[in-house]
Every structure is written in C-alpha cells, then in structure tokens.
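Q: Quick one, work_24.cif (mmCIF, C-alpha atoms):
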```cif
data_my_file
loop_
_atom_site.label_atom_id
_atom_site.label_comp_id
_atom_site.auth_asym_id
_atom_site.auth_seq_id
_atom_site.Cartn_x
_atom_site.Cartn_y
_atom_site.Cartn_z
CA MET A 1 -89.00 130.40 -167.42
CA GLN A 2 -86.28 129.56 -164.92
CA GLN A 3 -87.16 132.61 -162.85
CA VAL A 4 -90.87 131.86 -163.03
CA GLY A 5 -90.10 128.29 -161.91
CA LEU A 6 -88.07 129.59 -158.98
CA HIS A 7 -90.83 132.05 -158.02
CA LEU A 8 -93.41 129.25 -158.05
CA GLN A 9 -91.03 127.00 -156.09
CA ARG A 10 -90.65 129.65 -153.37
CA GLU A 11 -94.38 130.31 -153.28
CA ALA A 12 -95.07 126.57 -152.91
CA VAL A 13 -92.64 126.38 -149.98
CA ASN A 14 -94.10 129.48 -148.34
CA LEU A 15 -97.63 128.13 -148.54
CA GLY A 16 -96.87 124.47 -147.84
CA ARG A 17 -99.33 121.68 -148.49
CA ALA A 18 -101.83 122.85 -145.86
CA ASN A 19 -102.25 126.32 -147.40
CA GLY A 20 -102.57 125.35 -151.05
CA GLY A 21 -98.90 125.14 -152.10
CA GLU A 22 -99.41 122.01 -154.20
CA PRO A 23 -100.53 123.70 -157.48
CA PHE A 24 -97.55 126.08 -157.24
CA ALA A 25 -95.24 123.14 -156.69
CA ARG A 26 -96.66 121.29 -159.72
CA SER A 27 -96.37 124.41 -161.87
CA SER A 28 -92.75 124.93 -160.85
CA PHE A 29 -91.87 121.49 -162.28
CA ASN A 30 -93.74 122.46 -165.41
CA ARG A 31 -91.81 125.72 -165.81
CA TYR A 32 -88.44 124.07 -165.16
CA TYR A 33 -89.24 121.59 -167.93
CA TYR A 34 -90.03 124.47 -170.29
CA SER A 35 -86.83 126.26 -169.36
CA ILE A 36 -84.78 123.35 -170.70
CA PHE A 37 -87.13 122.75 -173.61
CA LEU A 38 -86.50 126.33 -174.80
CA GLU A 39 -82.73 125.88 -174.47
CA VAL A 40 -82.87 122.76 -176.63
CA ARG A 41 -85.23 124.37 -179.12
CA GLU A 42 -82.72 127.18 -179.57
CA LEU A 43 -80.00 124.62 -180.21
CA PHE A 44 -82.22 122.96 -182.82
CA ALA A 45 -82.99 126.29 -184.51
CA SER A 46 -79.28 127.12 -184.72
CA VAL A 47 -78.68 123.95 -186.74
CA ASP A 48 -81.89 123.72 -188.78
CA THR A 49 -84.73 126.22 -188.39
CA SER A 50 -87.37 123.63 -189.37
CA TRP A 51 -86.46 121.50 -186.32
CA ALA A 52 -87.58 124.26 -183.94
CA THR A 53 -91.26 123.58 -184.73
CA LEU A 54 -91.13 119.84 -184.05
CA PRO A 55 -93.36 118.38 -181.31
CA HIS A 56 -91.84 117.96 -177.85
CA LYS A 57 -91.99 114.19 -178.02
CA SER A 58 -89.64 114.07 -181.01
CA TYR A 59 -86.82 116.02 -179.32
CA PRO A 60 -85.06 113.03 -177.75
CA GLU A 61 -85.27 111.18 -181.08
CA ILE A 62 -83.70 114.11 -182.95
CA LEU A 63 -80.91 114.32 -180.37
CA ARG A 64 -80.16 110.61 -180.60
CA GLY A 65 -80.58 110.53 -184.38
CA LYS A 66 -79.86 113.58 -186.51
CA PHE A 67 -77.64 115.35 -183.98
CA LYS A 68 -75.63 112.23 -183.27
CA LYS A 69 -75.13 111.75 -187.01
CA ARG A 70 -73.94 115.31 -187.30
CA ILE A 71 -71.42 114.92 -184.48
CA LYS A 72 -70.22 111.63 -185.99
CA LYS A 73 -69.54 113.49 -189.22
CA VAL A 74 -67.44 116.08 -187.39
CA GLN A 75 -65.67 113.28 -185.55
CA GLU A 76 -64.79 111.65 -188.88
CA ILE A 77 -63.35 114.95 -190.17
CA ALA A 78 -61.32 115.24 -186.93
CA ARG A 79 -60.03 111.69 -187.38
CA ARG A 80 -58.94 112.32 -190.97
CA GLY A 81 -57.25 115.57 -189.94
CA GLU A 82 -55.53 113.96 -186.91
CA ASP A 83 -57.25 116.55 -184.69
CA ASN A 84 -57.16 114.59 -181.42
CA ILE A 85 -58.65 117.39 -179.32
CA LEU A 86 -61.73 117.74 -181.51
CA TYR A 87 -62.02 113.95 -181.79
CA ALA A 88 -62.17 113.63 -177.99
CA ASP A 89 -64.60 116.57 -177.76
CA CYS A 90 -66.88 114.79 -180.26
CA ARG A 91 -66.85 111.67 -178.09
CA ARG A 92 -67.92 113.76 -175.11
CA ALA A 93 -70.52 115.66 -177.14
CA ASN A 94 -72.05 112.33 -178.17
CA SER A 95 -72.29 111.38 -174.55
CA TYR A 96 -73.90 114.76 -173.75
CA LEU A 97 -76.46 114.19 -176.51
CA LEU A 98 -77.54 110.96 -174.83
CA ASN A 99 -77.63 112.64 -171.41
CA LEU A 100 -79.67 115.48 -172.84
CA ALA A 101 -82.12 113.11 -174.53
CA SER A 102 -82.59 111.17 -171.27
CA LEU A 103 -83.09 114.33 -169.23
CA MET A 104 -85.61 115.66 -171.76
CA GLU A 105 -87.57 112.41 -171.45
CA ARG A 106 -87.52 112.48 -167.67
CA ALA A 107 -88.38 116.16 -167.39
CA TYR A 108 -91.18 115.72 -169.94
CA ALA A 109 -92.58 112.77 -167.96
CA LEU A 110 -92.54 114.87 -164.79
CA ARG A 111 -94.23 117.73 -166.60
CA VAL A 112 -96.98 115.33 -167.75
CA ILE A 113 -97.38 113.91 -164.23
CA ALA A 114 -97.50 117.42 -162.75
CA ASP A 115 -100.22 118.47 -165.20
CA TYR A 116 -102.29 115.30 -165.68
CA ASN A 117 -101.85 113.09 -162.60
CA PRO A 118 -103.15 115.00 -159.56
CA ASP A 119 -103.49 111.61 -157.80
CA ILE A 120 -99.68 111.56 -157.54
CA ALA A 121 -99.15 114.05 -154.77
CA VAL A 122 -96.25 116.42 -154.30
CA GLU A 123 -94.34 115.41 -151.17
CA PHE A 124 -93.38 118.36 -148.97
CA ASP A 125 -90.54 117.74 -146.55
CA GLY A 126 -91.83 120.28 -144.06
CA ALA A 127 -88.78 122.48 -144.49
CA ASP A 128 -87.86 124.23 -147.72
CA ARG A 129 -88.05 121.43 -150.29
CA PHE A 130 -90.56 119.17 -152.02
CA LYS A 131 -90.48 116.41 -154.59
CA LEU A 132 -92.69 114.87 -157.24
CA SER A 133 -92.40 111.31 -158.40
CA ASP A 134 -89.03 110.84 -156.70
CA THR A 135 -87.50 114.00 -158.19
CA LYS A 136 -86.53 116.80 -155.84
CA ILE A 137 -87.34 120.35 -156.86
CA SER A 138 -83.71 121.32 -156.20
CA GLU A 139 -82.71 118.89 -158.94
CA ALA A 140 -85.27 120.33 -161.37
CA HIS A 141 -83.93 123.80 -160.55
CA GLU A 142 -80.48 122.69 -161.72
CA TRP A 143 -81.64 121.21 -165.02
CA GLN A 144 -81.05 124.44 -166.90
CA SER A 145 -77.44 124.93 -165.74
CA ARG A 146 -76.65 121.33 -166.60
CA VAL A 147 -78.34 121.54 -170.00
CA ARG A 148 -76.49 124.76 -170.85
CA ILE A 149 -73.15 123.04 -170.23
CA TRP A 150 -74.10 120.12 -172.46
CA ILE A 151 -75.51 122.34 -175.21
CA ASP A 152 -72.46 124.59 -175.16
CA SER A 153 -70.22 121.58 -175.73
CA ILE A 154 -72.43 120.18 -178.49
CA ARG A 155 -72.66 123.55 -180.22
CA SER A 156 -68.93 124.09 -179.90
CA VAL A 157 -68.17 120.82 -181.67
CA ILE A 158 -70.59 121.63 -184.51
CA LEU A 159 -69.06 125.10 -184.80
CA GLN A 160 -65.52 123.73 -185.10
CA ALA A 161 -66.21 122.02 -188.43
CA ASP A 162 -68.76 124.48 -189.73
CA ALA A 163 -66.85 126.97 -191.86
CA MET B 164 -100.76 91.46 -162.25
CA THR B 165 -99.82 95.16 -162.37
CA ILE B 166 -97.43 96.64 -164.92
CA ARG B 167 -94.99 97.23 -162.06
CA ASP B 168 -95.06 93.55 -161.10
CA GLN B 169 -94.59 92.52 -164.71
CA LEU B 170 -91.58 94.83 -165.03
CA LYS B 171 -90.09 93.43 -161.84
CA GLN B 172 -90.30 89.98 -163.38
CA HIS B 173 -87.78 91.26 -165.91
CA ASP B 174 -85.39 91.96 -162.99
CA LEU B 175 -85.77 95.72 -163.32
CA ASN B 176 -85.32 98.00 -160.32
CA VAL B 177 -88.65 99.83 -160.65
CA ALA B 178 -89.01 103.04 -158.64
CA HIS B 179 -92.61 103.54 -159.73
CA VAL B 180 -94.97 103.32 -162.69
CA VAL B 181 -97.37 106.08 -163.74
CA GLU B 182 -100.28 105.68 -166.12
CA ARG B 183 -100.22 108.42 -168.72
CA ARG B 184 -103.32 110.59 -168.91
CA ASP B 185 -102.04 112.88 -171.62
CA VAL B 186 -102.51 110.30 -174.40
CA ASP B 187 -105.48 108.22 -175.54
CA LYS B 188 -103.88 104.84 -175.23
CA ASN B 189 -102.71 102.32 -172.72
CA ALA B 190 -99.41 104.03 -171.95
CA PHE B 191 -97.16 104.21 -168.90
CA PHE B 192 -94.04 105.96 -167.68
CA ALA B 193 -91.84 103.44 -165.91
CA PHE B 194 -89.20 105.06 -163.70
CA ILE B 195 -86.28 102.64 -163.55
CA ARG B 196 -83.15 102.83 -161.44
CA ILE B 197 -80.07 101.97 -163.47
CA LYS B 198 -76.46 101.52 -162.42
CA LYS B 199 -73.06 101.15 -164.03
CA ASP B 200 -71.00 97.98 -164.00
CA LYS B 201 -67.26 97.95 -163.30
CA ARG B 202 -66.50 98.88 -166.92
CA GLY B 203 -68.89 101.82 -166.77
CA PHE B 204 -71.61 100.18 -168.90
CA GLN B 205 -75.25 100.82 -168.08
CA VAL B 206 -77.19 97.99 -166.40
CA PRO B 207 -79.77 97.11 -167.70
CA SER B 208 -78.62 98.06 -171.19
CA ASN B 209 -80.72 100.17 -173.54
CA SER B 210 -81.12 97.22 -175.91
CA ARG B 211 -82.55 95.11 -173.07
CA LEU B 212 -85.00 97.89 -172.17
CA SER B 213 -86.02 98.26 -175.82
CA GLU B 214 -86.66 94.52 -175.99
CA ILE B 215 -88.89 94.68 -172.88
CA ALA B 216 -90.78 97.67 -174.31
CA ARG B 217 -91.27 95.72 -177.54
CA GLN B 218 -92.74 92.77 -175.62
CA PHE B 219 -95.25 95.09 -173.93
CA ALA B 220 -96.11 96.68 -177.29
CA GLU B 221 -97.20 93.24 -178.50
CA ILE B 222 -100.00 93.32 -175.91
CA ASP B 223 -100.87 96.95 -176.81
CA VAL B 224 -99.19 98.49 -173.78
CA GLU B 225 -96.82 101.37 -174.44
CA ILE B 226 -94.02 101.58 -171.89
CA HIS B 227 -91.79 104.61 -171.82
CA PHE B 228 -88.76 103.99 -169.64
CA ILE B 229 -87.47 106.95 -167.64
CA LEU B 230 -83.99 106.17 -166.38
CA ARG B 231 -82.42 107.33 -163.19
CA SER B 232 -78.82 106.60 -162.34
CA SER B 233 -78.82 106.45 -158.56
CA ASP B 234 -75.11 105.70 -158.12
CA ILE B 235 -73.99 108.56 -160.39
CA ASP B 236 -76.46 110.95 -158.74
CA ASP B 237 -74.94 110.03 -155.38
CA ILE B 238 -71.38 110.49 -156.64
CA GLU B 239 -72.27 113.86 -158.17
CA GLY B 240 -73.82 114.95 -154.88
CA GLY B 241 -70.54 114.04 -153.19
CA VAL B 242 -68.48 115.96 -155.75
CA ARG B 243 -70.61 119.05 -155.25
CA ALA B 244 -70.49 118.82 -151.47
CA THR B 245 -66.71 118.26 -151.49
CA LEU B 246 -66.00 121.22 -153.76
CA LEU B 247 -68.41 123.58 -152.01
CA HIS B 248 -66.95 122.61 -148.66
CA SER B 249 -63.29 122.99 -149.63
CA TYR B 250 -63.49 125.70 -152.32
CA GLY B 251 -66.74 127.48 -151.49
CA LYS B 252 -65.03 130.82 -151.96
CA TYR B 253 -64.38 130.06 -155.64
CA VAL B 254 -67.06 127.52 -156.64
CA ARG B 255 -70.74 128.32 -157.16
CA ASN B 256 -71.80 124.90 -158.35
CA ALA B 257 -70.39 121.69 -159.85
CA PHE B 258 -71.72 119.01 -162.18
CA LEU B 259 -70.47 115.57 -163.11
CA SER B 260 -70.67 113.99 -166.56
CA VAL B 261 -69.69 110.35 -166.89
CA HIS B 262 -68.63 108.75 -170.19
CA GLY B 263 -67.96 105.07 -169.61
CA ALA B 264 -65.74 105.16 -166.55
CA ALA B 265 -64.32 108.63 -167.29
CA GLY B 266 -65.68 111.47 -165.18
CA GLU B 267 -65.65 115.07 -166.31
CA VAL B 268 -66.34 117.69 -163.66
CA TRP B 269 -67.74 121.07 -164.69
CA ILE B 270 -67.30 123.93 -162.27
CA GLU B 271 -69.37 127.08 -162.33
CA PRO B 272 -66.87 129.53 -160.79
CA LYS B 273 -67.67 132.43 -158.50
CA THR B 274 -64.46 134.20 -159.49
CA GLN B 275 -61.66 133.64 -161.98
CA GLU B 276 -59.31 133.02 -159.00
CA ILE B 277 -60.42 129.40 -159.34
CA GLN B 278 -57.88 129.13 -162.21
CA SER B 279 -55.02 129.17 -159.69
CA LYS B 280 -56.68 126.42 -157.64
CA LEU B 281 -57.40 123.97 -160.45
CA ASN B 282 -54.46 121.63 -159.75
CA GLU B 283 -55.47 121.43 -156.13
CA VAL B 284 -59.10 120.81 -157.11
CA GLU B 285 -58.01 118.00 -159.43
CA ARG B 286 -56.06 116.30 -156.63
CA THR B 287 -59.07 116.58 -154.31
CA LEU B 288 -61.34 115.05 -156.94
CA GLU B 289 -58.91 112.24 -157.77
CA SER B 290 -58.85 111.35 -154.14
CA TYR B 291 -62.66 111.49 -153.93
CA PHE B 292 -63.13 109.31 -157.03
CA GLY B 293 -60.69 106.78 -155.58
CA ASN B 294 -63.60 105.11 -153.79
CA THR B 295 -65.80 104.88 -156.89
CA PHE B 296 -65.63 103.29 -160.36
CA ILE B 297 -64.96 106.72 -161.88
CA VAL B 298 -61.56 107.95 -163.05
CA LEU B 299 -61.19 111.73 -163.29
CA ASP B 300 -60.90 112.67 -166.95
CA ARG B 301 -60.67 116.45 -166.57
CA VAL B 302 -61.97 119.49 -164.77
CA ARG B 303 -63.53 122.25 -166.85
CA LEU B 304 -64.87 125.70 -166.13
CA THR B 305 -68.21 126.74 -167.57
CA THR B 306 -66.76 130.10 -168.57
CA LYS B 307 -63.84 128.68 -170.49
CA GLU B 308 -62.86 130.42 -173.70
CA ARG B 309 -63.78 128.78 -176.96
CA LEU B 310 -60.58 128.50 -178.97
CA PRO B 311 -60.57 127.09 -182.52
CA THR B 312 -59.32 123.53 -182.97
CA ASP B 313 -57.05 122.47 -185.85
CA THR B 314 -60.14 121.48 -187.82
CA ALA B 315 -61.68 124.94 -187.33
CA LEU B 316 -58.44 126.55 -188.52
CA LEU B 317 -58.32 124.33 -191.59
CA SER B 318 -61.94 124.99 -192.49
CA SER B 319 -61.48 128.75 -192.18
CA ILE B 320 -58.30 128.69 -194.25
CA ARG B 321 -60.09 126.67 -196.93
CA GLN B 322 -62.69 129.38 -197.23
CA LEU B 323 -60.29 132.35 -197.15
CA SER B 324 -57.21 130.94 -198.83
CA PRO B 325 -54.72 132.45 -199.31
CA CYS B 326 -54.92 134.36 -196.06
CA GLY B 327 -52.67 135.99 -193.48
CA LEU B 328 -52.90 135.92 -189.70
CA GLU B 329 -55.01 139.07 -189.36
CA HIS B 330 -57.55 137.96 -191.93
CA LEU B 331 -57.78 134.54 -190.30
CA LYS B 332 -58.24 136.06 -186.83
CA ASP B 333 -61.09 138.26 -188.06
CA ALA B 334 -62.82 135.30 -189.68
CA LEU B 335 -62.49 133.17 -186.53
CA GLY B 336 -64.00 135.97 -184.46
CA ILE B 337 -66.96 136.22 -186.84
CA ARG B 338 -67.49 132.46 -186.48
CA GLY B 339 -67.85 132.90 -182.72
CA PHE B 340 -64.43 131.80 -181.48
CA SER B 341 -62.33 133.63 -178.90
CA ILE B 342 -59.70 135.57 -180.84
CA PRO B 343 -56.46 133.69 -180.21
CA PRO B 344 -53.19 135.52 -179.46
CA ASP B 345 -50.79 135.77 -182.45
CA GLY B 346 -48.23 133.46 -180.83
CA TRP B 347 -50.81 130.75 -180.23
CA LEU B 348 -52.13 131.03 -183.79
CA SER B 349 -48.63 130.96 -185.36
CA ARG B 350 -47.71 127.83 -183.40
CA SER B 351 -50.95 126.13 -184.42
CA LEU B 352 -50.40 126.96 -188.09
CA ASP B 353 -46.81 125.76 -187.89
CA ARG B 354 -48.04 122.45 -186.46
CA LEU B 355 -50.51 122.11 -189.33
CA ARG B 356 -47.75 122.94 -191.83
CA LYS B 357 -45.44 120.26 -190.39
CA ARG B 358 -48.31 117.78 -190.56
CA GLY B 359 -48.66 118.63 -194.26
CA HIS B 360 -52.15 120.11 -194.02
CA VAL B 361 -51.28 123.72 -194.87
CA VAL B 362 -48.60 125.46 -196.88
CA ARG B 363 -47.04 128.81 -196.06
CA ARG B 364 -46.31 130.92 -199.11
CA LYS B 365 -43.32 133.21 -199.45
CA ASP B 366 -45.54 136.24 -198.81
CA GLY B 367 -46.50 134.75 -195.40
CA GLN B 368 -50.02 133.77 -196.46
CA TYR B 369 -51.47 130.34 -195.73
CA ALA B 370 -53.35 127.91 -197.97
CA LEU B 371 -54.52 124.32 -197.65
CA SER B 372 -52.51 121.48 -199.13
CA ILE B 373 -54.19 118.65 -201.04
CA GLN B 374 -53.84 116.56 -197.88
CA GLY B 375 -55.55 119.28 -195.84
CA LEU B 376 -58.40 119.52 -198.36
CA ARG B 377 -58.86 115.75 -198.31
CA SER B 378 -58.95 115.65 -194.53
CA LEU B 379 -61.84 118.13 -194.44
CA GLY B 380 -63.81 116.36 -197.18
CA THR B 381 -66.83 118.03 -198.73
CA SER B 382 -70.58 117.70 -199.02
CA LYS B 383 -73.19 118.26 -201.72
CA THR B 384 -75.57 120.36 -199.65
CA ARG B 385 -76.61 123.98 -200.21
CA MET B 386 -74.13 124.98 -197.51
CA SER B 387 -71.30 122.88 -198.92
CA PRO B 388 -67.81 124.27 -198.19
CA ASP B 389 -67.20 124.53 -201.94
CA VAL B 390 -70.24 126.79 -202.35
CA ARG B 391 -69.04 128.91 -199.41
CA ARG B 392 -65.59 129.16 -200.94
CA VAL B 393 -67.04 130.44 -204.22
CA LEU B 394 -69.19 132.95 -202.34
CA ALA B 395 -66.16 134.11 -200.33
CA LEU B 396 -64.16 134.55 -203.54
CA SER B 397 -66.93 136.51 -205.21
CA ARG B 398 -67.22 138.80 -202.16
CA ARG B 399 -63.51 139.40 -202.43
CA GLY B 400 -63.90 140.21 -206.14
CA ALA B 401 -61.53 137.45 -207.19
#
```
What's the structure tokens form of this structure?

A:
Amino acid sequence: MQQVGLHLQREAVNLGRANGGEPFARSSFNRYYYSIFLEVRELFASVDTSWATLPHKSYPEILRGKFKKRIKKVQEIARRGEDNILYADCRRANSYLLNLASLMERAYALRVIADYNPDIAVEFDGADRFKLSDTKISEAHEWQSRVRIWIDSIRSVILQADA
Amino acid sequence: MTIRDQLKQHDLNVAHVVERRDVDKNAFFAFIRIKKDKRGFQVPSNSRLSEIARQFAEIDVEIHFILRSSDIDDIEGGVRATLLHSYGKYVRNAFLSVHGAAGEVWIEPKTQEIQSKLNEVERTLESYFGNTFIVLDRVRLTTKERLPTDTALLSSIRQLSPCGLEHLKDALGIRGFSIPPDGWLSRSLDRLRKRGHVVRRKDGQYALSIQGLRSLGTSKTRMSPDVRRVLALSRRGA
C-alpha cells in the first residue's frame, strides 16, 4: 500500500492539477491511510484474531479501550515486580496508543474527504508537493514509519508479560 | 450560523470543518488546532471537547474532532531538520513523541555507526529543546534490539521452572526476544534473586519464589499462565 501510495503521489506531481493529477493525489491519501490501517489490523490480530474483522471506525475506540486496559494490566504486573524499565515502557506505550488512535482518526477523516468530498480541492504547490485539508502529502507518506515505531513499542510491552 | 462559527464560540482554534458525505446523518469533521500548556497538558482538553460534542449531539449534529498539534509538529520538524543537517550521514529520518513534557526522539539510522554518535546527538537535542517546553527524555533507534525485561524473565521462568540458562535462552528466543549474552542474563537473574523473586537451586537451576509468583499474578482466561505451565509440564513429560 505504501508503495502504491508513493507511486500515485509521484504520478500526481508529474501530472499536476492542469493535467489531471488531482484524482491521483486523492488516491495517494487513500492508500497511505490503508497502509497504516493494515499495520494496526495486524497488531489487533496478534492480540485477538476477532478484532481484525472490526469496522474501521471502531479502531480508535479499541486502542483507547481494550488495548489501554491490556497495557495497564502489564503496568500493574511491572509495578508489583518492581520492574521500573517495563513500568516506564508501559507509560510510553499508553501514550503511543493515544497517538495512534488520534492519527487513525485523522487519516480516516482525510481518506473520507479524499473519496467523498471532491468540492474540497487538493492544493498543489507548483513544485513537488500537494496537500489536502491542511495535511501535506509528505506527512501522509511518513504515517507508516511513525505507526510502525508506535506499534513496535506497544507490541513489545505486551510481549514482555505474555509468557 | 455555521458549525464553524458555533465551534469558534467555544474558543476553539478551528482550522476547518467538513461535512461528511460518507454517512446518512448530519455529521461533520472539525479539524481543531490544539497546543500544550507549560505542564505539557493538551489545550483544549479531551473532556472539554467531549462536552462540546455532547452539546452538538443534543441538536442532532454529530461532530468528530480531528486534532492537530501545531506546536509539536513544528518542534518535530525542527528536530528532523537539525539531525539531518548535522548527522545526515547517519540519520535517515527522525520522529518525536511527546508524553507530558517529556520528549522521546526516535531515529531511523542509515548505518549502525550512529551508535557512536548518540551522546553527541543527545547534547544537540538537549540544546534544541532548550527553547521549547519539551525536556529530552531519551533517544532511541528504530532498529534497537528487543531484550527481555525482568517481568519477561520471571514469566518465562514461571513456565519452565526449574530451568537453567540455556533452556531459558531458548524459550526467550521462541518468544521473540533478542537472545541475551550469558553475562547479561546471569546478572539479571542475580538481581532478581537478591530482590527475592527467584531462587537458585544447588544444581544451578532457577525457580520462582512465592514473592515472584505473587508479583506476576494470574488470570482465569483460557491462556492463563497456570494453564500454560501445566501444558509446558505435560510437554516435558513431568
């Protein structure tokens, strides 16, 4: 998905607004959203396979609810065992869960705007970038790297107490 | 009065409002710029935003707030530019995560030579953060090894007990951890022994103490550690 997003991004820049680059630009936002959606879905499946089939809209709720509860449980084990390193990692993982939930919401909103609101135009800067609804494509391109870091930390914390 | 105007009456910094066309109801995405106060707390708070959304729901308008932290985005941009400028030979990309006022910087390295530059990088970042509300918490590499914590060691020992170093190392590897060197593992186990969480038998094998078992706790699920322990014992033929 990430590569498809990048391909569409480049095509949009090559064509520009005048030569029909807009649909490519909109689709690149769409693909970058799906690239992070799939990363999060894989995280969900690794914890509970039934979560992987949940609708997109529920993902932020699951992250803020069930996942947070799970991390809190690990944090409590770390506290009882005087494991200060894991305790601090849990605190960070909780923060990452909130970041991830917020990013999922924002990326999902952009995906919806890209697909359903053609009246909101993509703004081309005339050089090699464009943005939609105040979000630059370069930022959307980096979503996946950022999400992977967060997910790796969240997964690592769950793994530590999961014998 | 538009939704945007109504939101502004709540003192929100509204970037823009978009009517949703993907749902059959009166629903909007409201893109809001948030910031952090001196203590690192979000302004406006999530509870305040929830309250505003609730007030709109009373008039059958669904508002979905999409938050954007302009100040942190700017600081992160500065971190990335600083590191790419000064350490471009070693750094491919950098990201900032902020928890309260503590900033954690993640570096995607180009080469492992970055390891020898980390102290220097930290000093550069401390100096950069000096002009912001953020205090550098730590710098991490995205390719860092995943070593087991004390809790991971305890939970593995509970399942395998009694077990020696080799057996424990194999089990940790299967769980997805980097295999720790013997010296590192011995020191960790010695620390756990002094803390009273494990006991070392005369034959050199390790087991959990009552205190260690209590610290891990248990659960009544299908994947409870007690069930896993029984399965591990049966596999071993005990």

Q: What does the structure give for the distance between CA of Asp353 in chain B and CA of Arg391 in chain B, in Å to one decimal?

A: 25.2 Å

Q: Return the neighbours of chain B among the residues of chain A, cut-off 6 Å, counting only C-alpha atoms, as a PyMOL selection string.

A: chain A and resi 77+80-81+106+116+160-161+163

Q: Write out as a VMD selection string each polymer residue whose atoms come within 8 Å of range 52-57 of chain A, counting only C-alpha atoms; drop sequence neighbours fewer than 4 positions from it.

A: chain A and resid 37 41 to 42 44 to 45 48 61

Q: Check which residues satisfy the PyMOL selection byres ((chain A and resi 87) around 10) in the file shown, then give them as JSON, numbers by chain.

A: {"A": [71, 72, 74, 75, 76, 77, 78, 79, 80, 81, 82, 83, 84, 85, 86, 88, 89, 90, 91, 92, 93, 157], "B": [314]}

Q: Hey, what's within 9 Å of Gly5 in chain A if we count only C-alpha atoms and toss same-chain stuff fewer than 3 positions away? As JSON, numbers by chain, please?

A: {"A": [1, 2, 8, 9, 10, 25, 27, 28, 29, 30, 31, 32, 35, 141]}

Q: Using the chain letters and numbering of this document, enumerate as a list in words the residues selected by the PyMOL selection byres ((chain B and resi 297) around 10).

A: Lys201, Arg202, Gly203, Ile235, Ile238, Val261, His262, Gly263, Ala264, Ala265, Gly266, Glu267, Glu289, Tyr291, Phe292, Gly293, Asn294, Thr295, Phe296, Val298, Leu299 and Asp300 of chain B

Q: With all atoms of range 298-312 of chain B from the file as input, state the centre and edge lengths in Å to one decimal of the axis-aligned box that has 8 Å extra on each side, as lines of an AutoDock Vina configuration file.

A:
```
center_x = -63.8
center_y = 119.2
center_z = -173.0
size_x = 24.9
size_y = 38.5
size_z = 35.9
```

Q: Which residues fall under the PyMOL selection byres ((chain A and resi 131) around 12) in this file, as a PyMOL selection string?

A: chain A and resi 9+12-13+17+22+25-26+28-29+110+114+120-130+132-141

Q: In the coordinates of the file, take the point (-105.4, 101.7, -173.2) and a cut-off of 8 Å; then, counting all atoms listed in the file, name each qualifying protein, DNA or RNA residue as a list in words.

A: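 Applying the cut-off with all atoms listed in the file, one gets Asp187, Lys188, Asn189, Ala190, Asp223 and Val224 of chain B.
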
Q: By how many Å are CA of Val47 in chain A and CA of Val393 in chain B apart?

A: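 Separation of CA of Val47 in chain A and CA of Val393 in chain B: 22.0 Å.
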
Q: Could you state the separation of CA of Gln278 in chain B and CA of Tyr253 in chain B in Å, given to one decimal place?

A: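 Computing the Euclidean distance for CA of Gln278 in chain B and CA of Tyr253 in chain B yields 9.3 Å.
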
Q: Pick from A:Ala109, A:Leu97, A:Ala18, A:Val147: nearest to Ile36 in chain A, with all atoms listed in the file counted?

A: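 Among A:Ala109, A:Leu97, A:Ala18, A:Val147, it is A:Val147 that comes nearest to Ile36 in chain A.
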
Q: Compare B:Gln205, B:Thr274, B:Ser341, B:Ser324 by their minimum atom-to-atom distance to Arg364 in chain B, counting only C-alpha atoms, and give me the closest one.

A: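 Looking at the shortest contact to Arg364 in chain B, the residue is B:Ser324.
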
Q: Looking at all atoms listed in the file, which of A:Thr49, A:Gln144, A:Ser156, A:Ser58 is the one that sits closest to Leu6 in chain A?

A: A:Gln144

Q: Quick one: of B:Val284, B:Ile222, B:Cys326, B:Ile166, who's nearest to Val242 in chain B, counting all atoms listed in the file?

A: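 Among B:Val284, B:Ile222, B:Cys326, B:Ile166, it is B:Val284 that comes nearest to Val242 in chain B.
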